[in-house]
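Novice: Got run.csv for you, CSV, N, CA and C atoms:
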```
chain,number,residue,atom,x,y,z
A,1,MET,N,-17.3,13.7,23.5
A,1,MET,CA,-17.6,12.3,23.6
A,1,MET,C,-16.3,11.6,24.1
A,2,ASP,N,-16.5,10.6,24.9
A,2,ASP,CA,-15.4,9.8,25.5
A,2,ASP,C,-14.6,9.2,24.4
A,3,LYS,N,-13.2,9.2,24.6
A,3,LYS,CA,-12.3,8.7,23.6
A,3,LYS,C,-12.4,7.2,23.4
A,4,ASN,N,-12.8,6.5,24.4
A,4,ASN,CA,-13.0,5.0,24.2
A,4,ASN,C,-14.2,4.8,23.3
A,5,ILE,N,-15.3,5.6,23.4
A,5,ILE,CA,-16.4,5.4,22.6
A,5,ILE,C,-16.1,5.8,21.1
A,6,ILE,N,-15.3,6.9,21.0
A,6,ILE,CA,-14.9,7.3,19.6
A,6,ILE,C,-14.1,6.2,19.0
A,7,GLY,N,-13.2,5.6,19.8
A,7,GLY,CA,-12.4,4.5,19.2
A,7,GLY,C,-13.2,3.3,18.9
A,8,GLU,N,-14.2,2.9,19.7
A,8,GLU,CA,-15.0,1.8,19.4
A,8,GLU,C,-15.9,2.0,18.1
A,9,ILE,N,-16.4,3.3,18.0
A,9,ILE,CA,-17.1,3.6,16.8
A,9,ILE,C,-16.2,3.5,15.5
A,10,GLY,N,-15.0,4.0,15.6
A,10,GLY,CA,-14.1,3.8,14.5
A,10,GLY,C,-13.8,2.4,14.1
A,11,GLU,N,-13.6,1.5,15.1
A,11,GLU,CA,-13.4,0.1,14.9
A,11,GLU,C,-14.6,-0.5,14.2
A,12,GLN,N,-15.8,-0.2,14.7
A,12,GLN,CA,-17.0,-0.8,14.1
A,12,GLN,C,-17.2,-0.3,12.7
A,13,LEU,N,-16.8,1.0,12.4
A,13,LEU,CA,-16.9,1.5,11.0
A,13,LEU,C,-16.0,0.7,10.1
A,14,VAL,N,-14.8,0.4,10.6
A,14,VAL,CA,-13.8,-0.3,9.8
A,14,VAL,C,-14.3,-1.7,9.5
A,15,VAL,N,-14.8,-2.4,10.6
A,15,VAL,CA,-15.3,-3.7,10.4
A,15,VAL,C,-16.4,-3.7,9.4
A,16,LEU,N,-17.3,-2.8,9.4
A,16,LEU,CA,-18.4,-2.7,8.4
A,16,LEU,C,-17.9,-2.6,7.0
A,17,GLU,N,-16.9,-1.7,6.8
A,17,GLU,CA,-16.3,-1.5,5.5
A,17,GLU,C,-15.6,-2.8,5.0
A,18,LEU,N,-14.9,-3.5,5.9
A,18,LEU,CA,-14.3,-4.7,5.5
A,18,LEU,C,-15.3,-5.8,5.1
A,19,LEU,N,-16.3,-5.9,5.9
A,19,LEU,CA,-17.4,-6.9,5.6
A,19,LEU,C,-18.1,-6.6,4.3
A,20,LYS,N,-18.3,-5.3,4.0
A,20,LYS,CA,-18.9,-4.9,2.7
A,20,LYS,C,-18.0,-5.2,1.6
A,21,SER,N,-16.7,-5.2,1.8
A,21,SER,CA,-15.7,-5.5,0.8
A,21,SER,C,-15.4,-7.0,0.6
A,22,GLY,N,-16.2,-7.8,1.4
A,22,GLY,CA,-16.1,-9.3,1.2
A,22,GLY,C,-15.1,-10.0,2.0
A,23,TYR,N,-14.5,-9.3,3.1
A,23,TYR,CA,-13.6,-10.0,3.9
A,23,TYR,C,-14.2,-10.7,5.1
A,24,ASP,N,-13.6,-11.7,5.7
A,24,ASP,CA,-13.9,-12.2,7.0
A,24,ASP,C,-13.2,-11.4,8.0
A,25,VAL,N,-13.9,-11.1,9.1
A,25,VAL,CA,-13.3,-10.2,10.1
A,25,VAL,C,-13.4,-10.8,11.5
A,26,CYS,N,-12.4,-10.7,12.3
A,26,CYS,CA,-12.4,-11.2,13.7
A,26,CYS,C,-11.9,-10.1,14.6
A,27,ARG,N,-12.5,-10.0,15.7
A,27,ARG,CA,-12.1,-9.0,16.8
A,27,ARG,C,-11.6,-9.8,17.9
A,28,PRO,N,-10.6,-9.3,18.7
A,28,PRO,CA,-10.1,-10.0,19.8
A,28,PRO,C,-11.1,-10.2,20.9
A,29,VAL,N,-11.0,-11.4,21.6
A,29,VAL,CA,-11.9,-11.7,22.7
A,29,VAL,C,-11.5,-10.7,23.8
A,30,ASN,N,-10.2,-10.5,24.1
A,30,ASN,CA,-9.7,-9.7,25.1
A,30,ASN,C,-9.6,-8.2,24.6
A,31,LYS,N,-10.4,-7.3,25.1
A,31,LYS,CA,-10.4,-5.9,24.6
A,31,LYS,C,-9.1,-5.2,24.9
A,32,ASN,N,-8.3,-5.8,25.8
A,32,ASN,CA,-7.0,-5.2,26.2
A,32,ASN,C,-5.9,-5.6,25.2
A,33,GLN,N,-6.2,-6.3,24.2
A,33,GLN,CA,-5.2,-6.7,23.2
A,33,GLN,C,-4.5,-5.5,22.7
A,34,LYS,N,-3.2,-5.4,22.8
A,34,LYS,CA,-2.5,-4.1,22.6
A,34,LYS,C,-2.0,-3.8,21.2
A,35,ASN,N,-1.8,-4.7,20.4
A,35,ASN,CA,-1.1,-4.5,19.1
A,35,ASN,C,-2.0,-4.3,17.9
A,36,TRP,N,-3.2,-4.9,17.9
A,36,TRP,CA,-4.1,-4.8,16.8
A,36,TRP,C,-5.6,-4.8,17.3
A,37,ASP,N,-6.5,-4.4,16.5
A,37,ASP,CA,-7.9,-4.3,16.8
A,37,ASP,C,-8.7,-5.3,16.0
A,38,VAL,N,-8.3,-5.6,14.8
A,38,VAL,CA,-9.1,-6.4,13.9
A,38,VAL,C,-8.2,-7.3,13.1
A,39,ILE,N,-8.6,-8.5,12.9
A,39,ILE,CA,-8.0,-9.4,11.9
A,39,ILE,C,-8.9,-9.5,10.7
A,40,VAL,N,-8.3,-9.3,9.6
A,40,VAL,CA,-9.1,-9.4,8.3
A,40,VAL,C,-8.5,-10.6,7.6
A,41,ALA,N,-9.4,-11.4,7.0
A,41,ALA,CA,-9.0,-12.6,6.3
A,41,ALA,C,-9.7,-12.8,5.0
A,42,ARG,N,-9.0,-13.4,4.1
A,42,ARG,CA,-9.6,-13.9,2.8
A,42,ARG,C,-8.8,-15.1,2.4
A,43,GLY,N,-9.6,-16.2,2.3
A,43,GLY,CA,-8.9,-17.5,2.0
A,43,GLY,C,-7.9,-17.8,3.2
A,44,ARG,N,-6.7,-18.1,2.8
A,44,ARG,CA,-5.7,-18.4,3.8
A,44,ARG,C,-4.8,-17.2,4.2
A,45,LYS,N,-5.1,-16.1,3.7
A,45,LYS,CA,-4.4,-14.9,4.0
A,45,LYS,C,-5.1,-14.1,5.1
A,46,PHE,N,-4.3,-13.6,6.0
A,46,PHE,CA,-4.9,-12.7,7.1
A,46,PHE,C,-3.9,-11.6,7.4
A,47,LYS,N,-4.4,-10.5,7.9
A,47,LYS,CA,-3.7,-9.3,8.2
A,47,LYS,C,-4.2,-8.8,9.5
A,48,LYS,N,-3.3,-8.2,10.4
A,48,LYS,CA,-3.6,-7.6,11.6
A,48,LYS,C,-3.8,-6.1,11.4
A,49,ILE,N,-4.9,-5.5,11.8
A,49,ILE,CA,-5.1,-4.1,11.6
A,49,ILE,C,-5.3,-3.3,12.9
A,50,GLN,N,-4.6,-2.2,13.0
A,50,GLN,CA,-4.7,-1.3,14.2
A,50,GLN,C,-5.6,-0.2,13.7
A,51,VAL,N,-6.6,0.2,14.4
A,51,VAL,CA,-7.5,1.3,14.0
A,51,VAL,C,-7.3,2.4,15.0
A,52,LYS,N,-7.1,3.6,14.4
A,52,LYS,CA,-7.0,4.8,15.2
A,52,LYS,C,-8.1,5.8,14.7
A,53,THR,N,-8.8,6.4,15.6
A,53,THR,CA,-9.9,7.3,15.2
A,53,THR,C,-9.8,8.6,15.8
A,54,THR,N,-10.1,9.6,15.0
A,54,THR,CA,-10.2,11.0,15.6
A,54,THR,C,-11.4,11.7,15.0
A,55,THR,N,-11.8,12.7,15.7
A,55,THR,CA,-13.0,13.5,15.2
A,55,THR,C,-12.6,14.8,14.7
A,56,TRP,N,-13.2,15.3,13.7
A,56,TRP,CA,-12.9,16.5,13.0
A,56,TRP,C,-13.0,17.7,14.0
A,57,ASN,N,-14.0,17.6,14.9
A,57,ASN,CA,-14.2,18.7,15.8
A,57,ASN,C,-13.4,18.6,17.1
A,58,ALA,N,-12.3,17.8,17.1
A,58,ALA,CA,-11.5,17.7,18.3
A,58,ALA,C,-10.9,19.0,18.6
A,59,LYS,N,-10.6,19.3,19.9
A,59,LYS,CA,-10.1,20.6,20.3
A,59,LYS,C,-8.7,20.9,19.9
A,60,THR,N,-7.9,19.8,19.6
A,60,THR,CA,-6.5,20.0,19.2
A,60,THR,C,-6.4,20.4,17.8
A,61,THR,N,-5.3,21.0,17.5
A,61,THR,CA,-5.0,21.5,16.1
A,61,THR,C,-4.6,20.3,15.2
A,62,ASN,N,-3.8,19.4,15.7
A,62,ASN,CA,-3.2,18.3,14.9
A,62,ASN,C,-4.0,17.0,14.9
A,63,ASN,N,-5.0,16.8,15.8
A,63,ASN,CA,-5.7,15.6,15.9
A,63,ASN,C,-4.7,14.4,15.9
A,64,VAL,N,-3.9,14.4,16.9
A,64,VAL,CA,-2.9,13.3,17.0
A,64,VAL,C,-3.5,12.0,17.4
A,65,VAL,N,-3.1,10.9,16.7
A,65,VAL,CA,-3.4,9.6,17.2
A,65,VAL,C,-2.1,9.0,17.9
A,66,ARG,N,-2.3,8.3,19.0
A,66,ARG,CA,-1.2,7.8,19.7
A,66,ARG,C,-1.0,6.3,19.6
A,67,GLY,N,0.2,5.9,19.8
A,67,GLY,CA,0.4,4.4,19.8
A,67,GLY,C,0.5,3.8,18.5
A,68,VAL,N,1.0,4.4,17.5
A,68,VAL,CA,1.1,3.8,16.2
A,68,VAL,C,2.4,2.9,16.0
A,69,ASN,N,3.1,2.8,17.1
A,69,ASN,CA,4.4,2.0,17.0
A,69,ASN,C,4.1,0.6,17.5
A,70,LYS,N,3.0,0.0,17.2
A,70,LYS,CA,2.7,-1.3,17.7
A,70,LYS,C,2.9,-2.4,16.6
A,71,GLN,N,2.6,-3.6,16.9
A,71,GLN,CA,2.8,-4.7,16.0
A,71,GLN,C,1.5,-5.0,15.2
A,72,TYR,N,1.5,-4.6,14.0
A,72,TYR,CA,0.3,-4.8,13.1
A,72,TYR,C,0.8,-4.8,11.7
A,73,ASP,N,-0.1,-5.1,10.7
A,73,ASP,CA,0.3,-5.1,9.3
A,73,ASP,C,-0.2,-3.8,8.7
A,74,PHE,N,-1.4,-3.3,9.1
A,74,PHE,CA,-1.9,-2.1,8.5
A,74,PHE,C,-2.5,-1.2,9.6
A,75,LEU,N,-2.3,0.1,9.5
A,75,LEU,CA,-2.9,1.1,10.3
A,75,LEU,C,-4.1,1.7,9.5
A,76,VAL,N,-5.3,1.7,10.1
A,76,VAL,CA,-6.4,2.3,9.4
A,76,VAL,C,-6.8,3.5,10.3
A,77,ILE,N,-6.7,4.7,9.7
A,77,ILE,CA,-7.0,5.9,10.4
A,77,ILE,C,-8.4,6.3,10.0
A,78,VAL,N,-9.3,6.6,10.9
A,78,VAL,CA,-10.7,7.0,10.7
A,78,VAL,C,-10.8,8.4,11.1
A,79,VAL,N,-11.2,9.3,10.2
A,79,VAL,CA,-11.5,10.7,10.6
A,79,VAL,C,-13.0,10.9,10.5
A,80,ARG,N,-13.6,11.2,11.6
A,80,ARG,CA,-15.0,11.3,11.7
A,80,ARG,C,-15.3,12.8,11.6
A,81,ASN,N,-16.0,13.2,10.5
A,81,ASN,CA,-16.4,14.6,10.4
A,81,ASN,C,-17.9,14.7,10.3
A,82,TYR,N,-18.5,14.8,11.5
A,82,TYR,CA,-20.0,14.7,11.7
A,82,TYR,C,-20.5,13.4,11.0
A,83,ASP,N,-21.2,13.5,9.9
A,83,ASP,CA,-21.8,12.2,9.4
A,83,ASP,C,-20.9,11.7,8.2
A,84,VAL,N,-19.8,12.3,8.0
A,84,VAL,CA,-18.9,11.8,6.9
A,84,VAL,C,-17.7,11.2,7.5
A,85,ASN,N,-17.3,10.0,7.1
A,85,ASN,CA,-16.1,9.4,7.6
A,85,ASN,C,-15.1,9.2,6.5
A,86,GLN,N,-13.9,9.5,6.8
A,86,GLN,CA,-12.8,9.3,5.9
A,86,GLN,C,-11.9,8.1,6.4
A,87,PHE,N,-11.4,7.3,5.5
A,87,PHE,CA,-10.6,6.2,5.9
A,87,PHE,C,-9.2,6.3,5.2
A,88,PHE,N,-8.1,6.0,5.9
A,88,PHE,CA,-6.8,6.0,5.4
A,88,PHE,C,-6.1,4.7,5.8
A,89,ILE,N,-5.6,4.0,4.8
A,89,ILE,CA,-4.9,2.7,5.1
A,89,ILE,C,-3.4,2.9,4.8
A,90,LEU,N,-2.6,2.6,5.8
A,90,LEU,CA,-1.1,2.6,5.7
A,90,LEU,C,-0.6,1.3,6.1
A,91,SER,N,0.4,0.8,5.4
A,91,SER,CA,1.1,-0.4,5.9
A,91,SER,C,2.0,0.0,7.0
A,92,LYS,N,2.5,-0.9,7.8
A,92,LYS,CA,3.4,-0.7,8.9
A,92,LYS,C,4.6,0.1,8.4
A,93,SER,N,5.2,-0.4,7.2
A,93,SER,CA,6.4,0.3,6.7
A,93,SER,C,6.1,1.7,6.2
A,94,GLU,N,4.9,2.0,5.7
A,94,GLU,CA,4.5,3.3,5.3
A,94,GLU,C,4.4,4.2,6.5
A,95,VAL,N,3.9,3.7,7.6
A,95,VAL,CA,3.8,4.5,8.9
A,95,VAL,C,5.2,4.8,9.3
A,96,GLU,N,6.1,3.8,9.3
A,96,GLU,CA,7.4,4.1,9.8
A,96,GLU,C,8.2,5.1,8.9
A,97,LYS,N,7.9,5.0,7.6
A,97,LYS,CA,8.6,5.9,6.7
A,97,LYS,C,8.1,7.4,7.0
A,98,ILE,N,6.8,7.6,7.2
A,98,ILE,CA,6.3,8.9,7.4
A,98,ILE,C,6.6,9.4,8.8
A,99,ASN,N,6.6,8.5,9.7
A,99,ASN,CA,6.6,8.9,11.2
A,99,ASN,C,7.9,8.6,11.9
A,100,SER,N,8.9,8.0,11.2
A,100,SER,CA,10.1,7.6,11.8
A,100,SER,C,9.9,6.9,13.1
A,101,ASP,N,10.5,7.3,14.2
A,101,ASP,CA,10.5,6.6,15.5
A,101,ASP,C,9.4,7.1,16.4
A,102,LYS,N,8.6,7.9,16.0
A,102,LYS,CA,7.6,8.5,16.9
A,102,LYS,C,6.4,7.5,17.1
A,103,SER,N,5.8,7.7,18.2
A,103,SER,CA,4.6,6.8,18.5
A,103,SER,C,3.3,7.6,18.2
A,104,ASP,N,3.4,8.9,18.0
A,104,ASP,CA,2.2,9.7,17.8
A,104,ASP,C,2.2,10.1,16.3
A,105,PHE,N,1.0,10.3,15.8
A,105,PHE,CA,0.8,10.6,14.4
A,105,PHE,C,-0.2,11.7,14.2
A,106,ALA,N,0.3,12.9,13.6
A,106,ALA,CA,-0.6,14.0,13.4
A,106,ALA,C,-1.5,13.8,12.2
A,107,ILE,N,-2.8,14.0,12.3
A,107,ILE,CA,-3.7,13.7,11.2
A,107,ILE,C,-4.1,14.9,10.5
A,108,THR,N,-4.4,16.0,11.2
A,108,THR,CA,-4.9,17.2,10.6
A,108,THR,C,-4.0,18.4,10.9
A,109,GLU,N,-4.2,19.5,10.2
A,109,GLU,CA,-3.5,20.7,10.5
A,109,GLU,C,-4.4,21.9,10.1
A,110,ILE,N,-4.0,23.0,10.6
A,110,ILE,CA,-4.8,24.3,10.2
A,110,ILE,C,-3.9,25.0,9.1
A,111,LYS,N,-4.6,25.2,8.0
A,111,LYS,CA,-3.9,25.8,6.9
A,111,LYS,C,-4.9,26.9,6.4
A,112,ASN,N,-4.4,28.1,6.3
A,112,ASN,CA,-5.2,29.3,5.8
A,112,ASN,C,-6.5,29.4,6.7
A,113,GLY,N,-6.3,29.1,8.0
A,113,GLY,CA,-7.5,29.2,8.9
A,113,GLY,C,-8.5,28.1,8.8
A,114,GLU,N,-8.2,27.1,8.0
A,114,GLU,CA,-9.1,26.0,7.9
A,114,GLU,C,-8.5,24.7,8.3
A,115,ARG,N,-9.2,23.8,9.0
A,115,ARG,CA,-8.7,22.5,9.3
A,115,ARG,C,-8.8,21.6,8.1
A,116,GLN,N,-7.7,20.8,7.9
A,116,GLN,CA,-7.7,19.9,6.8
A,116,GLN,C,-6.8,18.7,7.1
A,117,VAL,N,-7.1,17.6,6.5
A,117,VAL,CA,-6.3,16.4,6.6
A,117,VAL,C,-4.9,16.7,6.1
A,118,ARG,N,-3.9,16.2,6.8
A,118,ARG,CA,-2.5,16.5,6.3
A,118,ARG,C,-2.3,15.9,4.9
A,119,GLU,N,-1.6,16.7,4.1
A,119,GLU,CA,-1.5,16.4,2.7
A,119,GLU,C,-0.8,15.0,2.5
A,120,TYR,N,0.1,14.6,3.3
A,120,TYR,CA,0.8,13.3,3.1
A,120,TYR,C,-0.1,12.1,3.3
A,121,LEU,N,-1.3,12.3,3.9
A,121,LEU,CA,-2.2,11.2,4.1
A,121,LEU,C,-3.1,11.0,2.9
A,122,MET,N,-3.3,12.0,2.1
A,122,MET,CA,-4.3,11.9,1.0
A,122,MET,C,-4.0,10.7,0.1
A,123,ASP,N,-2.7,10.4,-0.1
A,123,ASP,CA,-2.4,9.2,-1.0
A,123,ASP,C,-2.9,7.9,-0.4
A,124,TYR,N,-3.3,7.9,0.8
A,124,TYR,CA,-3.7,6.6,1.5
A,124,TYR,C,-5.2,6.5,1.7
A,125,GLU,N,-5.9,7.5,1.2
A,125,GLU,CA,-7.4,7.5,1.5
A,125,GLU,C,-8.0,6.4,0.7
A,126,VAL,N,-9.0,5.7,1.3
A,126,VAL,CA,-9.7,4.7,0.6
A,126,VAL,C,-11.2,5.1,0.5
A,127,ILE,N,-11.8,5.0,-0.6
A,127,ILE,CA,-13.1,5.4,-0.8
A,127,ILE,C,-14.0,4.3,-1.2
A,128,SER,N,-13.6,3.4,-2.1
A,128,SER,CA,-14.4,2.3,-2.6
A,128,SER,C,-14.0,1.0,-2.1
A,129,LYS,N,-14.9,0.0,-2.4
A,129,LYS,CA,-14.6,-1.4,-2.0
A,129,LYS,C,-13.3,-1.8,-2.7
A,130,GLU,N,-13.1,-1.4,-4.0
A,130,GLU,CA,-11.9,-1.7,-4.7
A,130,GLU,C,-10.6,-1.2,-4.0
A,131,ASP,N,-10.7,0.0,-3.5
A,131,ASP,CA,-9.6,0.6,-2.8
A,131,ASP,C,-9.2,-0.2,-1.6
A,132,TRP,N,-10.2,-0.7,-0.8
A,132,TRP,CA,-9.9,-1.5,0.4
A,132,TRP,C,-9.1,-2.8,-0.1
A,133,ILE,N,-9.7,-3.4,-1.1
A,133,ILE,CA,-9.1,-4.7,-1.6
A,133,ILE,C,-7.7,-4.5,-2.1
A,134,LYS,N,-7.5,-3.4,-2.9
A,134,LYS,CA,-6.2,-3.1,-3.5
A,134,LYS,C,-5.2,-2.8,-2.4
A,135,LYS,N,-5.5,-2.0,-1.5
A,135,LYS,CA,-4.6,-1.5,-0.4
A,135,LYS,C,-4.2,-2.6,0.5
A,136,LEU,N,-5.1,-3.5,0.9
A,136,LEU,CA,-4.8,-4.6,1.8
A,136,LEU,C,-4.1,-5.7,1.1
A,137,GLY,N,-4.1,-5.7,-0.3
A,137,GLY,CA,-3.3,-6.7,-1.1
A,137,GLY,C,-3.8,-8.1,-0.8
A,138,MET,N,-5.1,-8.3,-0.7
A,138,MET,CA,-5.6,-9.7,-0.4
A,138,MET,C,-6.6,-10.0,-1.4
A,139,GLU,N,-6.4,-9.8,-2.7
A,139,GLU,CA,-7.4,-10.1,-3.8
A,139,GLU,C,-7.6,-11.5,-3.9
```
What is this structure when it is put down as structure tokens?
Specialist:
Amino acid sequence: MDKNIIGEIGEQLVVLELLKSGYDVCRPVNKNQKNWDVIVARGRKFKKIQVKTTTWNAKTTNNVVRGVNKQYDFLVIVVRNYDVNQFFILSKSEVEKINSDKSDFAITEIKNGERQVREYLMDYEVISKEDWIKKLGME
């Protein structure tokens, strides 16, 4: 599948989860906006979100997402594994701490012959509406 379509699907999945969690969501008018993909708002608070999406069946070992060194408040990584989607939310400072000065971010690895999400990401997984609200800090 084309990487632009994969990215668009990931962004739409994030928008859906944010709407289900009670947030107002805005997308840029200009699709070439470089630093963020979604603005999430609640009351007078808003945050810029960069969405990066990868598929479980990608041909690469690490499922690297590129361009995480942009200007945003949160990075949401979407891992699409057939019909199951996993979401990971990291603040900009968390991304910088894990990734130092690199612009690429490895998502998966092969361990004991099996593909799995990198262990350091598991602390950032969001599963419930409450996880989204807590992680974005916009209660």
Novice: So what do you get for atom N of Ile127 of chain A versus atom CA of Asp2 of chain A, distance-wise?
Specialist: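 Between atom N of Ile127 of chain A and atom CA of Asp2 of chain A the gap works out to 26.8 Å.
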Novice: Write down as a PyMOL selection string the residues belonging to chain A that are assigned strand (DSSP E) by DSSP computed on the backbone.
Specialist: chain A and resi 24-26+38-42+45-55+64-66+74-81+84-91+104-106+108-111+114-117+125-126
Novice: Grab the residues selected above and save them as a short mmCIF file (atom, residue, chain, number, x, y, z; two decimals), in the coordinates of the input with N, CA and C atoms.
Specialist:
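As written to disk, part.cif reads:
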```
data_model
loop_
_atom_site.label_atom_id
_atom_site.label_comp_id
_atom_site.auth_asym_id
_atom_site.auth_seq_id
_atom_site.Cartn_x
_atom_site.Cartn_y
_atom_site.Cartn_z
N ASP A 24 -13.60 -11.70 5.70
CA ASP A 24 -13.90 -12.20 7.00
C ASP A 24 -13.20 -11.40 8.00
N VAL A 25 -13.90 -11.10 9.10
CA VAL A 25 -13.30 -10.20 10.10
C VAL A 25 -13.40 -10.80 11.50
N CYS A 26 -12.40 -10.70 12.30
CA CYS A 26 -12.40 -11.20 13.70
C CYS A 26 -11.90 -10.10 14.60
N VAL A 38 -8.30 -5.60 14.80
CA VAL A 38 -9.10 -6.40 13.90
C VAL A 38 -8.20 -7.30 13.10
N ILE A 39 -8.60 -8.50 12.90
CA ILE A 39 -8.00 -9.40 11.90
C ILE A 39 -8.90 -9.50 10.70
N VAL A 40 -8.30 -9.30 9.60
CA VAL A 40 -9.10 -9.40 8.30
C VAL A 40 -8.50 -10.60 7.60
N ALA A 41 -9.40 -11.40 7.00
CA ALA A 41 -9.00 -12.60 6.30
C ALA A 41 -9.70 -12.80 5.00
N ARG A 42 -9.00 -13.40 4.10
CA ARG A 42 -9.60 -13.90 2.80
C ARG A 42 -8.80 -15.10 2.40
N LYS A 45 -5.10 -16.10 3.70
CA LYS A 45 -4.40 -14.90 4.00
C LYS A 45 -5.10 -14.10 5.10
N PHE A 46 -4.30 -13.60 6.00
CA PHE A 46 -4.90 -12.70 7.10
C PHE A 46 -3.90 -11.60 7.40
N LYS A 47 -4.40 -10.50 7.90
CA LYS A 47 -3.70 -9.30 8.20
C LYS A 47 -4.20 -8.80 9.50
N LYS A 48 -3.30 -8.20 10.40
CA LYS A 48 -3.60 -7.60 11.60
C LYS A 48 -3.80 -6.10 11.40
N ILE A 49 -4.90 -5.50 11.80
CA ILE A 49 -5.10 -4.10 11.60
C ILE A 49 -5.30 -3.30 12.90
N GLN A 50 -4.60 -2.20 13.00
CA GLN A 50 -4.70 -1.30 14.20
C GLN A 50 -5.60 -0.20 13.70
N VAL A 51 -6.60 0.20 14.40
CA VAL A 51 -7.50 1.30 14.00
C VAL A 51 -7.30 2.40 15.00
N LYS A 52 -7.10 3.60 14.40
CA LYS A 52 -7.00 4.80 15.20
C LYS A 52 -8.10 5.80 14.70
N THR A 53 -8.80 6.40 15.60
CA THR A 53 -9.90 7.30 15.20
C THR A 53 -9.80 8.60 15.80
N THR A 54 -10.10 9.60 15.00
CA THR A 54 -10.20 11.00 15.60
C THR A 54 -11.40 11.70 15.00
N THR A 55 -11.80 12.70 15.70
CA THR A 55 -13.00 13.50 15.20
C THR A 55 -12.60 14.80 14.70
N VAL A 64 -3.90 14.40 16.90
CA VAL A 64 -2.90 13.30 17.00
C VAL A 64 -3.50 12.00 17.40
N VAL A 65 -3.10 10.90 16.70
CA VAL A 65 -3.40 9.60 17.20
C VAL A 65 -2.10 9.00 17.90
N ARG A 66 -2.30 8.30 19.00
CA ARG A 66 -1.20 7.80 19.70
C ARG A 66 -1.00 6.30 19.60
N PHE A 74 -1.40 -3.30 9.10
CA PHE A 74 -1.90 -2.10 8.50
C PHE A 74 -2.50 -1.20 9.60
N LEU A 75 -2.30 0.10 9.50
CA LEU A 75 -2.90 1.10 10.30
C LEU A 75 -4.10 1.70 9.50
N VAL A 76 -5.30 1.70 10.10
CA VAL A 76 -6.40 2.30 9.40
C VAL A 76 -6.80 3.50 10.30
N ILE A 77 -6.70 4.70 9.70
CA ILE A 77 -7.00 5.90 10.40
C ILE A 77 -8.40 6.30 10.00
N VAL A 78 -9.30 6.60 10.90
CA VAL A 78 -10.70 7.00 10.70
C VAL A 78 -10.80 8.40 11.10
N VAL A 79 -11.20 9.30 10.20
CA VAL A 79 -11.50 10.70 10.60
C VAL A 79 -13.00 10.90 10.50
N ARG A 80 -13.60 11.20 11.60
CA ARG A 80 -15.00 11.30 11.70
C ARG A 80 -15.30 12.80 11.60
N ASN A 81 -16.00 13.20 10.50
CA ASN A 81 -16.40 14.60 10.40
C ASN A 81 -17.90 14.70 10.30
N VAL A 84 -19.80 12.30 8.00
CA VAL A 84 -18.90 11.80 6.90
C VAL A 84 -17.70 11.20 7.50
N ASN A 85 -17.30 10.00 7.10
CA ASN A 85 -16.10 9.40 7.60
C ASN A 85 -15.10 9.20 6.50
N GLN A 86 -13.90 9.50 6.80
CA GLN A 86 -12.80 9.30 5.90
C GLN A 86 -11.90 8.10 6.40
N PHE A 87 -11.40 7.30 5.50
CA PHE A 87 -10.60 6.20 5.90
C PHE A 87 -9.20 6.30 5.20
N PHE A 88 -8.10 6.00 5.90
CA PHE A 88 -6.80 6.00 5.40
C PHE A 88 -6.10 4.70 5.80
N ILE A 89 -5.60 4.00 4.80
CA ILE A 89 -4.90 2.70 5.10
C ILE A 89 -3.40 2.90 4.80
N LEU A 90 -2.60 2.60 5.80
CA LEU A 90 -1.10 2.60 5.70
C LEU A 90 -0.60 1.30 6.10
N SER A 91 0.40 0.80 5.40
CA SER A 91 1.10 -0.40 5.90
C SER A 91 2.00 0.00 7.00
N ASP A 104 3.40 8.90 18.00
CA ASP A 104 2.20 9.70 17.80
C ASP A 104 2.20 10.10 16.30
N PHE A 105 1.00 10.30 15.80
CA PHE A 105 0.80 10.60 14.40
C PHE A 105 -0.20 11.70 14.20
N ALA A 106 0.30 12.90 13.60
CA ALA A 106 -0.60 14.00 13.40
C ALA A 106 -1.50 13.80 12.20
N THR A 108 -4.40 16.00 11.20
CA THR A 108 -4.90 17.20 10.60
C THR A 108 -4.00 18.40 10.90
N GLU A 109 -4.20 19.50 10.20
CA GLU A 109 -3.50 20.70 10.50
C GLU A 109 -4.40 21.90 10.10
N ILE A 110 -4.00 23.00 10.60
CA ILE A 110 -4.80 24.30 10.20
C ILE A 110 -3.90 25.00 9.10
N LYS A 111 -4.60 25.20 8.00
CA LYS A 111 -3.90 25.80 6.90
C LYS A 111 -4.90 26.90 6.40
N GLU A 114 -8.20 27.10 8.00
CA GLU A 114 -9.10 26.00 7.90
C GLU A 114 -8.50 24.70 8.30
N ARG A 115 -9.20 23.80 9.00
CA ARG A 115 -8.70 22.50 9.30
C ARG A 115 -8.80 21.60 8.10
N GLN A 116 -7.70 20.80 7.90
CA GLN A 116 -7.70 19.90 6.80
C GLN A 116 -6.80 18.70 7.10
N VAL A 117 -7.10 17.60 6.50
CA VAL A 117 -6.30 16.40 6.60
C VAL A 117 -4.90 16.70 6.10
N GLU A 125 -5.90 7.50 1.20
CA GLU A 125 -7.40 7.50 1.50
C GLU A 125 -8.00 6.40 0.70
N VAL A 126 -9.00 5.70 1.30
CA VAL A 126 -9.70 4.70 0.60
C VAL A 126 -11.20 5.10 0.50
#
```
Novice: Could the residues of segment 46-126 of chain A that have an atom at most 6 Å from segment 22-42 of chain A be listed as a tab-separated table, each with its closest atom pair and the distance in Å to one decimal, counting only N, CA and C atoms and ordered by chain and ascending residue number?
Specialist:
```
residue	atom	partner	partner_atom	distance
A:Phe46	CA	A:Ala41	CA	4.2
A:Lys47	N	A:Val40	C	4.1
A:Lys48	CA	A:Ile39	CA	4.8
A:Ile49	C	A:Asp37	N	4.0
A:Gln50	CA	A:Asp37	N	4.3
A:Val51	N	A:Asp37	N	5.1
A:Lys70	CA	A:Asn35	CA	5.2
A:Gln71	N	A:Asn35	CA	4.4
A:Tyr72	N	A:Asn35	C	5.2
```
Novice: Kindly give the distance, in Å, that separates atom C of Lys52 of chain A and atom CA of Leu90 of chain A, rounded to a single decimal.
Specialist: 11.8 Å
Novice: When you draw a straight line from atom CA of Gly43 of chain A to atom CA of Leu18 of chain A, how long is it in Å?
Specialist: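 Result for atom CA of Gly43 of chain A versus atom CA of Leu18 of chain A: 14.3 Å, one decimal.
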